[in-house]
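So this block is model.cif, mmCIF, C-alpha atoms (C1' of nucleotides):
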data_my_file
loop_
_atom_site.label_atom_id
_atom_site.label_comp_id
_atom_site.auth_asym_id
_atom_site.auth_seq_id
_atom_site.Cartn_x
_atom_site.Cartn_y
_atom_site.Cartn_z
CA MET J 1 0.73 21.27 15.62
CA ASP J 2 3.94 19.36 16.35
CA TYR J 3 6.47 18.86 13.59
CA GLY J 4 5.67 15.72 11.60
CA LYS J 5 2.07 15.60 12.78
CA GLU J 6 0.59 18.36 10.63
CA ARG J 7 -1.50 16.14 8.37
CA VAL J 8 -3.66 13.03 8.56
CA VAL J 9 -2.86 10.84 5.57
CA ALA J 10 -4.32 7.45 4.64
CA LEU J 11 -3.36 4.79 2.11
CA VAL J 12 -6.04 2.33 1.02
CA ASP J 13 -4.89 -0.82 -0.74
CA MET J 14 -7.22 -3.41 -2.25
CA ASP J 15 -6.50 -6.94 -1.03
CA CYS J 16 -5.22 -9.12 -3.93
CA PHE J 17 -7.32 -6.92 -6.21
CA TYR J 18 -7.26 -8.86 -9.48
CA VAL J 19 -8.26 -12.00 -7.56
CA GLN J 20 -11.23 -10.21 -5.97
CA VAL J 21 -12.35 -8.94 -9.36
CA GLU J 22 -12.33 -12.50 -10.74
CA GLN J 23 -14.05 -13.86 -7.61
CA ARG J 24 -16.90 -11.38 -7.94
CA LEU J 25 -17.36 -12.52 -11.54
CA SER J 26 -17.02 -16.23 -10.68
CA PRO J 27 -18.31 -16.86 -7.14
CA ALA J 28 -16.99 -20.43 -7.25
CA LEU J 29 -13.54 -18.91 -6.81
CA LYS J 30 -14.47 -17.24 -3.51
CA ASN J 31 -12.76 -18.53 -0.36
CA THR J 32 -10.50 -20.82 -2.37
CA PRO J 33 -6.79 -20.91 -3.18
CA CYS J 34 -6.71 -19.18 -6.52
CA VAL J 35 -4.56 -16.90 -8.66
CA VAL J 36 -4.82 -14.61 -11.66
CA ALA J 37 -2.30 -15.43 -14.36
CA GLN J 38 -1.40 -13.99 -17.73
CA TYR J 39 -0.55 -16.04 -20.83
CA LYS J 40 -0.63 -19.80 -20.89
CA THR J 41 1.99 -21.26 -23.15
CA TRP J 42 5.15 -20.83 -21.07
CA LYS J 43 5.00 -22.93 -17.86
CA GLY J 44 1.25 -22.35 -17.58
CA GLY J 45 1.54 -18.56 -17.50
CA SER J 46 2.87 -16.13 -14.91
CA ILE J 47 0.98 -15.26 -11.74
CA ILE J 48 0.17 -11.61 -11.10
CA ALA J 49 -2.22 -11.92 -8.11
CA VAL J 50 -2.64 -14.51 -5.36
CA SER J 51 -5.54 -15.16 -2.94
CA TYR J 52 -4.65 -15.37 0.75
CA GLU J 53 -5.68 -19.05 0.77
CA ALA J 54 -3.11 -19.71 -1.97
CA ARG J 55 -0.46 -17.63 -0.17
CA ALA J 56 -0.82 -20.03 2.76
CA HIS J 57 0.55 -22.74 0.44
CA GLY J 58 3.58 -20.63 -0.48
CA VAL J 59 2.24 -19.42 -3.83
CA THR J 60 3.57 -15.96 -4.74
CA ARG J 61 3.42 -13.34 -7.43
CA ASN J 62 5.79 -13.84 -10.39
CA MET J 63 5.63 -17.61 -9.95
CA TRP J 64 4.85 -19.84 -12.93
CA VAL J 65 1.45 -21.53 -12.72
CA ASP J 66 3.05 -24.95 -13.26
CA ASP J 67 5.33 -24.37 -10.26
CA ALA J 68 2.49 -23.04 -8.11
CA LYS J 69 0.41 -26.16 -8.82
CA LYS J 70 3.20 -28.25 -7.30
CA LEU J 71 2.82 -26.27 -4.05
CA CYS J 72 -0.97 -26.21 -4.21
CA PRO J 73 -2.48 -28.99 -6.36
CA ASP J 74 -6.08 -27.73 -6.14
CA LEU J 75 -5.13 -24.19 -7.16
CA GLN J 76 -7.73 -22.48 -9.34
CA VAL J 77 -6.49 -20.21 -12.12
CA ALA J 78 -8.28 -17.23 -13.63
CA ARG J 79 -6.82 -15.85 -16.85
CA VAL J 80 -6.19 -12.25 -17.83
CA ARG J 81 -8.09 -11.42 -20.99
CA GLU J 82 -6.05 -10.89 -24.13
CA SER J 83 -6.41 -8.63 -27.13
CA HIS J 84 -4.01 -8.48 -30.08
CA GLY J 85 -2.14 -11.28 -28.31
CA LYS J 86 -1.31 -8.99 -25.41
CA ALA J 87 -2.53 -9.15 -21.82
CA ASP J 88 -5.34 -6.61 -21.46
CA LEU J 89 -6.04 -5.21 -18.01
CA THR J 90 -9.15 -3.22 -19.01
CA PHE J 91 -11.42 -5.43 -16.90
CA TYR J 92 -9.47 -4.56 -13.72
CA ARG J 93 -9.17 -0.89 -14.62
CA GLU J 94 -12.94 -0.67 -14.85
CA ALA J 95 -13.27 -2.29 -11.44
CA SER J 96 -10.70 0.18 -10.14
CA VAL J 97 -12.85 3.08 -11.34
CA GLU J 98 -15.80 1.70 -9.35
CA VAL J 99 -13.66 1.73 -6.20
CA ILE J 100 -12.26 5.21 -6.85
CA GLU J 101 -15.76 6.58 -7.34
CA VAL J 102 -16.89 5.36 -3.93
CA MET J 103 -13.75 6.55 -2.16
CA SER J 104 -14.05 9.99 -3.77
CA ARG J 105 -17.29 10.60 -1.86
CA PHE J 106 -15.22 10.78 1.32
CA ALA J 107 -12.10 12.73 0.31
CA VAL J 108 -9.97 13.94 -2.56
CA ILE J 109 -7.96 10.87 -3.47
CA GLU J 110 -4.62 10.46 -5.21
CA ARG J 111 -4.58 7.29 -7.25
CA ALA J 112 -1.20 5.61 -6.73
CA SER J 113 -1.84 2.50 -8.85
CA ILE J 114 -4.69 0.37 -10.11
CA ASP J 115 -5.37 -0.93 -6.60
CA GLU J 116 -4.23 1.73 -4.14
CA ALA J 117 -4.90 5.37 -3.35
CA TYR J 118 -3.61 7.99 -0.94
CA MET J 119 -5.77 10.66 0.62
CA ASP J 120 -5.14 13.72 2.79
CA LEU J 121 -7.84 13.58 5.45
CA THR J 122 -6.68 16.61 7.44
CA ALA J 123 -9.58 18.86 6.41
CA ALA J 124 -12.17 16.09 6.65
CA VAL J 125 -10.96 15.30 10.17
CA GLN J 126 -11.22 18.93 11.28
CA GLN J 127 -14.75 19.08 9.90
CA ARG J 128 -15.76 15.89 11.63
CA LEU J 129 -14.25 16.96 14.95
CA LYS J 130 -16.36 20.10 14.93
CA SER J 131 -19.58 18.10 14.73
CA MET J 132 -18.57 15.43 17.22
CA ASN J 133 -19.71 15.04 20.79
CA ASP J 134 -17.70 13.51 23.60
CA ASN J 135 -17.63 9.71 23.79
CA GLU J 136 -18.44 9.45 20.12
CA ILE J 137 -15.26 7.53 19.41
CA GLU J 138 -16.06 4.03 20.54
CA SER J 139 -14.28 0.75 20.00
CA LEU J 140 -17.41 -0.45 18.21
CA LEU J 141 -16.94 2.15 15.49
CA LEU J 142 -13.36 1.06 14.87
CA LYS J 143 -14.07 -2.63 14.49
CA THR J 144 -11.27 -3.38 12.03
CA THR J 145 -8.67 -0.96 13.38
CA TYR J 146 -5.34 -1.83 14.95
CA ILE J 147 -3.09 0.67 16.76
CA GLN J 148 0.58 0.00 16.09
CA GLY J 149 2.48 -0.07 19.41
CA TYR J 150 -0.60 -0.83 21.53
CA PRO J 151 -1.13 -2.47 23.93
CA GLN J 152 2.14 -1.20 25.36
CA ASN J 153 4.51 -3.44 27.30
CA SER J 154 2.95 -6.50 25.75
CA THR J 155 4.75 -9.07 23.65
CA GLU J 156 1.73 -11.17 22.71
CA GLN J 157 0.08 -10.32 19.41
CA ALA J 158 -3.59 -10.74 18.54
CA GLN J 159 -4.60 -8.21 21.18
CA ARG J 160 -6.33 -5.81 18.86
CA SER J 161 -9.23 -5.02 21.16
CA ARG J 162 -7.06 -4.44 24.23
CA GLY J 163 -4.67 -2.23 22.28
CA LEU J 164 -7.54 -0.20 20.85
CA LYS J 165 -9.11 0.32 24.29
CA GLN J 166 -5.80 1.37 25.80
CA TRP J 167 -5.23 3.80 22.94
CA LEU J 168 -8.70 5.34 23.22
CA ALA J 169 -8.27 5.73 26.97
CA SER J 170 -5.00 7.59 26.37
CA LEU J 171 -6.66 10.22 24.18
CA PRO J 172 -7.59 13.58 25.67
CA GLU J 173 -11.19 14.74 25.97
CA LEU J 174 -12.62 16.38 22.89
CA PRO J 175 -11.32 19.94 23.13
CA LEU J 176 -13.93 22.27 21.76
CA GLY J 177 -12.48 25.11 19.76
CA GLU J 178 -8.81 24.63 20.40
CA GLN J 179 -6.42 22.41 18.42
CA SER J 180 -7.01 18.74 19.08
CA SER J 181 -4.21 16.26 19.69
CA ALA J 182 -2.48 14.38 16.92
CA GLY J 183 -3.75 11.12 18.39
CA LEU J 184 -7.32 12.32 18.28
CA GLN J 185 -6.90 13.41 14.67
CA LEU J 186 -5.52 10.03 13.60
CA THR J 187 -8.40 8.32 15.38
CA VAL J 188 -11.03 10.40 13.62
CA GLY J 189 -9.16 9.73 10.38
CA ALA J 190 -9.45 6.02 11.11
CA LEU J 191 -13.17 6.46 11.75
CA ILE J 192 -13.59 8.03 8.32
CA VAL J 193 -11.54 5.28 6.70
CA GLU J 194 -13.63 2.60 8.44
CA GLU J 195 -16.71 4.20 6.89
CA MET J 196 -15.04 4.54 3.51
CA ARG J 197 -13.96 0.89 3.45
CA ALA J 198 -17.44 -0.28 4.47
CA ALA J 199 -18.92 1.81 1.66
CA VAL J 200 -16.44 0.38 -0.86
CA GLU J 201 -17.39 -3.16 0.14
CA LYS J 202 -21.11 -2.38 0.10
CA HIS J 203 -21.05 -0.82 -3.37
CA THR J 204 -18.40 -2.91 -5.12
CA GLY J 205 -18.09 -6.09 -3.07
CA PHE J 206 -14.33 -5.54 -2.77
CA ARG J 207 -12.39 -5.58 0.49
CA CYS J 208 -9.28 -3.57 1.27
CA SER J 209 -6.77 -2.68 3.94
CA ALA J 210 -5.59 0.76 5.01
CA GLY J 211 -2.97 2.66 6.93
CA ILE J 212 -3.57 5.93 8.76
CA SER J 213 -0.66 8.16 9.81
CA HIS J 214 0.84 11.60 9.22
CA ASN J 215 2.47 11.18 5.81
CA LYS J 216 2.39 8.91 2.77
CA VAL J 217 5.43 6.80 3.63
CA LEU J 218 4.12 6.01 7.13
CA ALA J 219 0.57 5.41 5.88
CA LYS J 220 1.87 2.92 3.32
CA LEU J 221 3.96 1.19 5.97
CA ALA J 222 1.01 1.04 8.36
CA CYS J 223 -1.25 -0.47 5.73
CA GLY J 224 0.98 -3.51 5.40
CA LEU J 225 1.03 -4.24 9.13
CA ASN J 226 -2.40 -5.89 9.32
CA LYS J 227 -3.72 -7.45 6.14
CA PRO J 228 -6.11 -8.41 4.72
CA ASN J 229 -9.36 -6.53 5.42
CA ARG J 230 -7.94 -4.55 8.35
CA GLN J 231 -6.62 -1.03 8.94
CA THR J 232 -3.81 0.26 11.14
CA ILE J 233 -3.13 3.57 12.84
CA LEU J 234 0.58 4.36 13.09
CA PRO J 235 1.10 7.12 15.68
CA LEU J 236 4.38 9.00 15.39
CA ASP J 237 5.29 7.94 18.92
CA SER J 238 5.23 4.28 17.82
CA VAL J 239 7.55 4.80 14.86
CA ALA J 240 10.87 4.62 16.72
CA GLU J 241 10.18 1.19 18.18
CA LEU J 242 8.85 -0.09 14.86
CA PHE J 243 11.92 1.21 13.02
CA ASN J 244 14.29 -0.54 15.42
CA SER J 245 13.75 -3.87 13.72
CA LEU J 246 12.43 -2.72 10.34
CA PRO J 247 14.55 -3.62 7.31
CA ILE J 248 15.27 -0.59 5.12
CA SER J 249 13.80 -2.39 2.12
CA LYS J 250 10.33 -2.26 3.72
CA ILE J 251 10.13 1.51 3.18
CA ARG J 252 8.49 2.66 -0.02
CA ASN J 253 11.10 3.50 -2.66
CA LEU J 254 13.91 1.81 -0.72
CA GLY J 255 13.11 -1.69 -1.94
CA GLY J 256 15.56 -1.55 -4.82
CA LYS J 257 19.04 -0.36 -5.65
CA LEU J 258 18.92 2.82 -3.57
CA GLY J 259 18.03 0.75 -0.50
CA SER J 260 20.88 -1.68 -1.19
CA SER J 261 23.37 1.15 -1.63
CA ILE J 262 22.26 2.72 1.67
CA ILE J 263 22.81 -0.55 3.51
CA GLU J 264 26.24 -0.97 1.91
CA THR J 265 27.49 2.63 2.15
CA LEU J 266 26.40 3.32 5.71
CA ALA J 267 26.77 -0.25 7.02
CA VAL J 268 23.24 -0.17 8.45
CA GLU J 269 20.60 -2.89 8.73
CA ASN J 270 17.34 -1.26 9.72
CA MET J 271 15.51 2.08 9.74
CA GLY J 272 16.48 2.69 13.37
CA ASP J 273 20.17 2.79 12.39
CA LEU J 274 19.46 4.94 9.34
CA CYS J 275 17.65 7.57 11.42
CA LYS J 276 20.86 8.25 13.34
CA PHE J 277 22.23 9.97 10.24
CA SER J 278 21.42 13.62 9.60
CA GLN J 279 19.84 14.83 6.39
CA ALA J 280 23.11 16.63 5.59
CA GLN J 281 25.05 13.37 5.89
CA LEU J 282 22.56 11.51 3.70
CA GLY J 283 22.81 14.35 1.17
CA GLN J 284 26.59 13.93 1.01
CA HIS J 285 26.29 10.23 0.21
CA PHE J 286 23.24 10.02 -2.03
CA GLY J 287 22.87 13.48 -3.58
CA GLU J 288 21.26 16.53 -2.05
CA LYS J 289 17.79 15.80 -3.37
CA THR J 290 17.72 12.07 -2.70
CA GLY J 291 19.28 12.51 0.75
"C1'" DC E 292 12.30 -14.74 -25.50
"C1'" DA E 293 10.25 -16.21 -20.75
"C1'" DT E 294 6.85 -11.41 -16.86
"C1'" DT E 295 4.77 -7.33 -18.29
"C1'" DG E 296 3.08 -2.92 -17.82
"C1'" DT E 297 2.81 1.49 -15.71
"C1'" DT E 298 4.37 5.49 -13.45
"C1'" DA E 299 7.59 8.74 -11.57
"C1'" DA E 300 12.09 10.67 -10.75
"C1'" DG E 301 16.61 11.96 -12.31
"C1'" DG E 302 20.05 13.23 -15.73
"C1'" DG E 303 21.40 14.99 -20.10
"C1'" DC Z 304 11.86 18.83 -22.41
"C1'" DC Z 305 12.83 14.07 -23.61
"C1'" DC Z 306 14.86 9.81 -22.57
"C1'" DT Z 307 16.49 6.41 -19.38
"C1'" DT Z 308 16.24 4.16 -15.16
"C1'" DA Z 309 14.11 2.59 -11.05
"C1'" DA Z 310 10.39 0.88 -8.43
"C1'" DC Z 311 6.31 -1.46 -7.88
"C1'" DA Z 312 2.19 -4.18 -8.80
#
Can the structure from this file be put into structure tokens for me?
Amino acid sequence: MDYGKERVVALVDMDCFYVQVEQRLSPALKNTPCVVAQYKTWKGGSIIAVSYEARAHGVTRNMWVDDAKKLCPDLQVARVRESHGKADLTFYREASVEVIEVMSRFAVIERASIDEAYMDLTAAVQQRLKSMNDNEIESLLLKTTYIQGYPQNSTEQAQRSRGLKQWLASLPELPLGEQSSAGLQLTVGALIVEEMRAAVEKHTGFRCSAGISHNKVLAKLACGLNKPNRQTILPLDSVAELFNSLPISKIRNLGGKLGSSIIETLAVENMGDLCKFSQAQLGQHFGEKTG
DNA sequence: CATTGTTAAGGG
DNA sequence: CCCTTAACA
């Protein structure tokens, strides 16, 4: 298998998880602008999760509830439970366990936080490919999947279906026995993740987004490209174009001081520029390990 | 006081 | 190996 395409890795991220947990408990909160906030005394409490309806009004995480109400007067507020005067996240951790249990039926998962998990689907994909017939990968089975970079030569967005069809048409026939293409493997990975996400919603009521690519950093990046309640395949061949206009801070672990120092030291703006430097050069500037 | 909590990596 | 720092949710 080509370098960089050895594995199929997915990242599943629950959409505004704490909000969904509160909405399941209190259905009146569903489909409304609402937030989850902790504490109440200082400026109404601080917001730790925001529904997509509230985001449309400009409400964000870390905002004070009093400030958010100015942006969105009919904002509903759920409160984090407290014990010993401290915010207690037990309620959300228990909901997280429900999700993890369902996901674990499909693959070995690596819990990255209370609301997201990585999984290496390489083995599951190989298994699935063995039992698959030709024409078994249909657009219908990938109903919430986007392919980053497809359709090609198209500037207009919102062309999910056309991009998916073009991508599927570009895949080789199912090769029986021999190694299958990286594109085929990502697609079967996406099929598994579609099934996993449907199972999570069926058994917990919670929706999520996902990214499918060849490593954790790319899977995480892909996941953020189409939210909420959607999943995105990021083929390696689409990475260069994506990186051309991608701020360095968008890459996991480069959102803080290291990212800032890279931008300053190398006088670069986006990931496309950064990729022009060799690993040896990056090692010189940022330490052998970090580089 | 004014976000808090959790996790992981790096340095001593 | 522990402690501090960084990153993220």
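When the PyMOL selection byres ((chain Z) within 9 of (chain J)) is evaluated against the file, it yields DA309, DA310, DC311 and DA312 of chain Z.
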Discussion item. One number please: atom C1' of DC306 of chain Z to atom C1' of DT294 of chain E, in Å, one decimal.
Written reply: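 Distance reported for this atom pair: 23.4 Å.
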Practice prompt. Using only C-alpha atoms (C1' of nucleotides), find which residues of chain J lie within 8 Å of chain E and jot them down as a list in words.
Written response: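 Taking only C-alpha atoms (C1' of nucleotides) into account, Trp42, Ser46 and Asn62 of chain J sit within 8 Å of chain E.
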Practice prompt. Name the residues that the PyMOL selection byres ((chain J and resi 204) around 9) picks from the file above, as number ranges by chain, using the file's chain letters and numbers.
Written response: J: 95, 98-99, 102, 199-203, 205-207
Worksheet entry | atom CA of Val80 of chain J to atom CA of Val21 of chain J, straight-line distance in Å |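 Going from atom CA of Val21 of chain J over to atom CA of Val80 of chain J covers 11.0 Å.
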Item to complete: Using the chain letters and residue numbers of this document, give as number ranges by chain the residues selected by the PyMOL selection byres ((chain J and resi 223-239) around 8).
Response: J: 4-5, 11-13, 15, 144-149, 183, 186-187, 190, 194, 207-214, 218-222, 240-243
Would you mind exporting the chosen residues as a tab-separated table (two decimals), keeping the file's coordinate frame, restricted to C-alpha atoms?
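The resulting part19.tsv:
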chain	number	residue	atom	x	y	z
J	4	GLY	CA	5.67	15.72	11.60
J	5	LYS	CA	2.07	15.60	12.78
J	11	LEU	CA	-3.36	4.79	2.11
J	12	VAL	CA	-6.04	2.33	1.02
J	13	ASP	CA	-4.89	-0.82	-0.74
J	15	ASP	CA	-6.50	-6.94	-1.03
J	144	THR	CA	-11.27	-3.38	12.03
J	145	THR	CA	-8.67	-0.96	13.38
J	146	TYR	CA	-5.34	-1.83	14.95
J	147	ILE	CA	-3.09	0.67	16.76
J	148	GLN	CA	0.58	0.00	16.09
J	149	GLY	CA	2.48	-0.07	19.41
J	183	GLY	CA	-3.75	11.12	18.39
J	186	LEU	CA	-5.52	10.03	13.60
J	187	THR	CA	-8.40	8.32	15.38
J	190	ALA	CA	-9.45	6.02	11.11
J	194	GLU	CA	-13.63	2.60	8.44
J	207	ARG	CA	-12.39	-5.58	0.49
J	208	CYS	CA	-9.28	-3.57	1.27
J	209	SER	CA	-6.77	-2.68	3.94
J	210	ALA	CA	-5.59	0.76	5.01
J	211	GLY	CA	-2.97	2.66	6.93
J	212	ILE	CA	-3.57	5.93	8.76
J	213	SER	CA	-0.66	8.16	9.81
J	214	HIS	CA	0.84	11.60	9.22
J	218	LEU	CA	4.12	6.01	7.13
J	219	ALA	CA	0.57	5.41	5.88
J	220	LYS	CA	1.87	2.92	3.32
J	221	LEU	CA	3.96	1.19	5.97
J	222	ALA	CA	1.01	1.04	8.36
J	240	ALA	CA	10.87	4.62	16.72
J	241	GLU	CA	10.18	1.19	18.18
J	242	LEU	CA	8.85	-0.09	14.86
J	243	PHE	CA	11.92	1.21	13.02
Item to complete: State, in Å with one decimal place, the distance from atom CA of Lys40 of chain J to atom CA of Lys69 of chain J.
Response: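 A separation of 13.7 Å between them.
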Practice prompt. Would you please work out which residue, of J:Ala54, J:Met132, J:Leu121, J:Met103, is nearest to Lys70 of chain J when using only C-alpha atoms?
Written response: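 Of all the options, J:Ala54 lies closest to Lys70 of chain J.
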Worksheet item: Taking only C-alpha atoms into account, which of J:Val8, J:Leu129, J:Cys275, J:Val217 comes nearest Ile262 of chain J?
Response: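 Of J:Val8, J:Leu129, J:Cys275, J:Val217, the one nearest Ile262 of chain J, counting only C-alpha atoms, is J:Cys275.
Considering all atoms listed in the file, the residue among J:Lys86, J:Gln159, J:Ala10, J:Glu22 positioned nearest to Leu191 of chain J is J:Ala10.
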Rebuild segment 136-146 of chain J so that it carries all heavy atoms, then output the result as a compact mmCIF listing (two decimals), keeping the file's coordinate frame.
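Contents of out_0.txt, as written:
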# COMPACT_ATOMS: atom_id res chain seq x y z
N GLU J 136 -17.93 9.93 21.40
CA GLU J 136 -18.44 9.45 20.12
C GLU J 136 -17.46 8.48 19.46
O GLU J 136 -17.80 7.80 18.51
CB GLU J 136 -18.75 10.63 19.19
CG GLU J 136 -19.87 10.31 18.24
CD GLU J 136 -20.27 11.53 17.42
OE1 GLU J 136 -20.62 12.57 18.00
OE2 GLU J 136 -20.20 11.43 16.20
N ILE J 137 -16.24 8.48 19.94
CA ILE J 137 -15.26 7.53 19.41
C ILE J 137 -15.28 6.28 20.28
O ILE J 137 -14.75 6.26 21.37
CB ILE J 137 -13.85 8.14 19.39
CG1 ILE J 137 -13.86 9.47 18.64
CG2 ILE J 137 -12.87 7.17 18.75
CD1 ILE J 137 -12.52 10.18 18.67
N GLU J 138 -15.94 5.27 19.78
CA GLU J 138 -16.06 4.03 20.54
C GLU J 138 -15.36 2.90 19.82
O GLU J 138 -15.24 2.91 18.60
CB GLU J 138 -17.54 3.67 20.72
CG GLU J 138 -18.24 4.43 21.82
CD GLU J 138 -17.68 4.12 23.21
OE1 GLU J 138 -17.25 2.96 23.43
OE2 GLU J 138 -17.65 5.03 24.05
N SER J 139 -14.91 1.93 20.58
CA SER J 139 -14.28 0.75 20.00
C SER J 139 -15.16 0.13 18.91
O SER J 139 -14.68 -0.34 17.89
CB SER J 139 -14.01 -0.29 21.08
OG SER J 139 -13.05 0.18 21.98
N LEU J 140 -16.47 0.17 19.14
CA LEU J 140 -17.41 -0.45 18.21
C LEU J 140 -17.33 0.16 16.82
O LEU J 140 -17.57 -0.50 15.81
CB LEU J 140 -18.84 -0.31 18.74
CG LEU J 140 -19.18 -1.10 19.99
CD1 LEU J 140 -20.56 -0.71 20.52
CD2 LEU J 140 -19.12 -2.59 19.69
N LEU J 141 -16.97 1.46 16.77
CA LEU J 141 -16.94 2.15 15.49
C LEU J 141 -15.60 1.93 14.76
O LEU J 141 -15.44 2.32 13.62
CB LEU J 141 -17.16 3.65 15.69
CG LEU J 141 -18.50 4.02 16.33
CD1 LEU J 141 -18.58 5.52 16.60
CD2 LEU J 141 -19.64 3.59 15.42
N LEU J 142 -14.68 1.31 15.46
CA LEU J 142 -13.36 1.06 14.87
C LEU J 142 -13.11 -0.44 14.85
O LEU J 142 -12.08 -0.93 15.29
CB LEU J 142 -12.29 1.79 15.68
CG LEU J 142 -12.37 3.33 15.65
CD1 LEU J 142 -11.56 3.93 16.78
CD2 LEU J 142 -11.88 3.84 14.31
N LYS J 143 -14.08 -1.18 14.30
CA LYS J 143 -14.07 -2.63 14.49
C LYS J 143 -12.99 -3.35 13.71
O LYS J 143 -12.73 -4.52 13.99
CB LYS J 143 -15.45 -3.20 14.15
CG LYS J 143 -15.88 -3.00 12.72
CD LYS J 143 -17.25 -3.65 12.48
CE LYS J 143 -17.65 -3.49 11.02
NZ LYS J 143 -18.97 -4.08 10.76
N THR J 144 -12.36 -2.69 12.74
CA THR J 144 -11.27 -3.38 12.03
C THR J 144 -9.95 -2.64 12.17
O THR J 144 -9.03 -2.82 11.39
CB THR J 144 -11.59 -3.55 10.53
OG1 THR J 144 -11.55 -2.28 9.88
CG2 THR J 144 -12.95 -4.19 10.31
N THR J 145 -9.86 -1.79 13.20
CA THR J 145 -8.67 -0.96 13.38
C THR J 145 -7.69 -1.53 14.39
O THR J 145 -8.08 -1.97 15.47
CB THR J 145 -9.08 0.46 13.83
OG1 THR J 145 -9.91 1.06 12.83
CG2 THR J 145 -7.86 1.34 14.05
N TYR J 146 -6.43 -1.51 14.03
CA TYR J 146 -5.34 -1.83 14.95
C TYR J 146 -4.56 -0.55 15.23
O TYR J 146 -4.47 0.33 14.37
CB TYR J 146 -4.36 -2.83 14.33
CG TYR J 146 -4.85 -4.25 14.22
CD1 TYR J 146 -5.78 -4.61 13.26
CD2 TYR J 146 -4.36 -5.23 15.09
CE1 TYR J 146 -6.22 -5.93 13.16
CE2 TYR J 146 -4.81 -6.54 15.00
CZ TYR J 146 -5.73 -6.88 14.03
OH TYR J 146 -6.16 -8.18 13.94
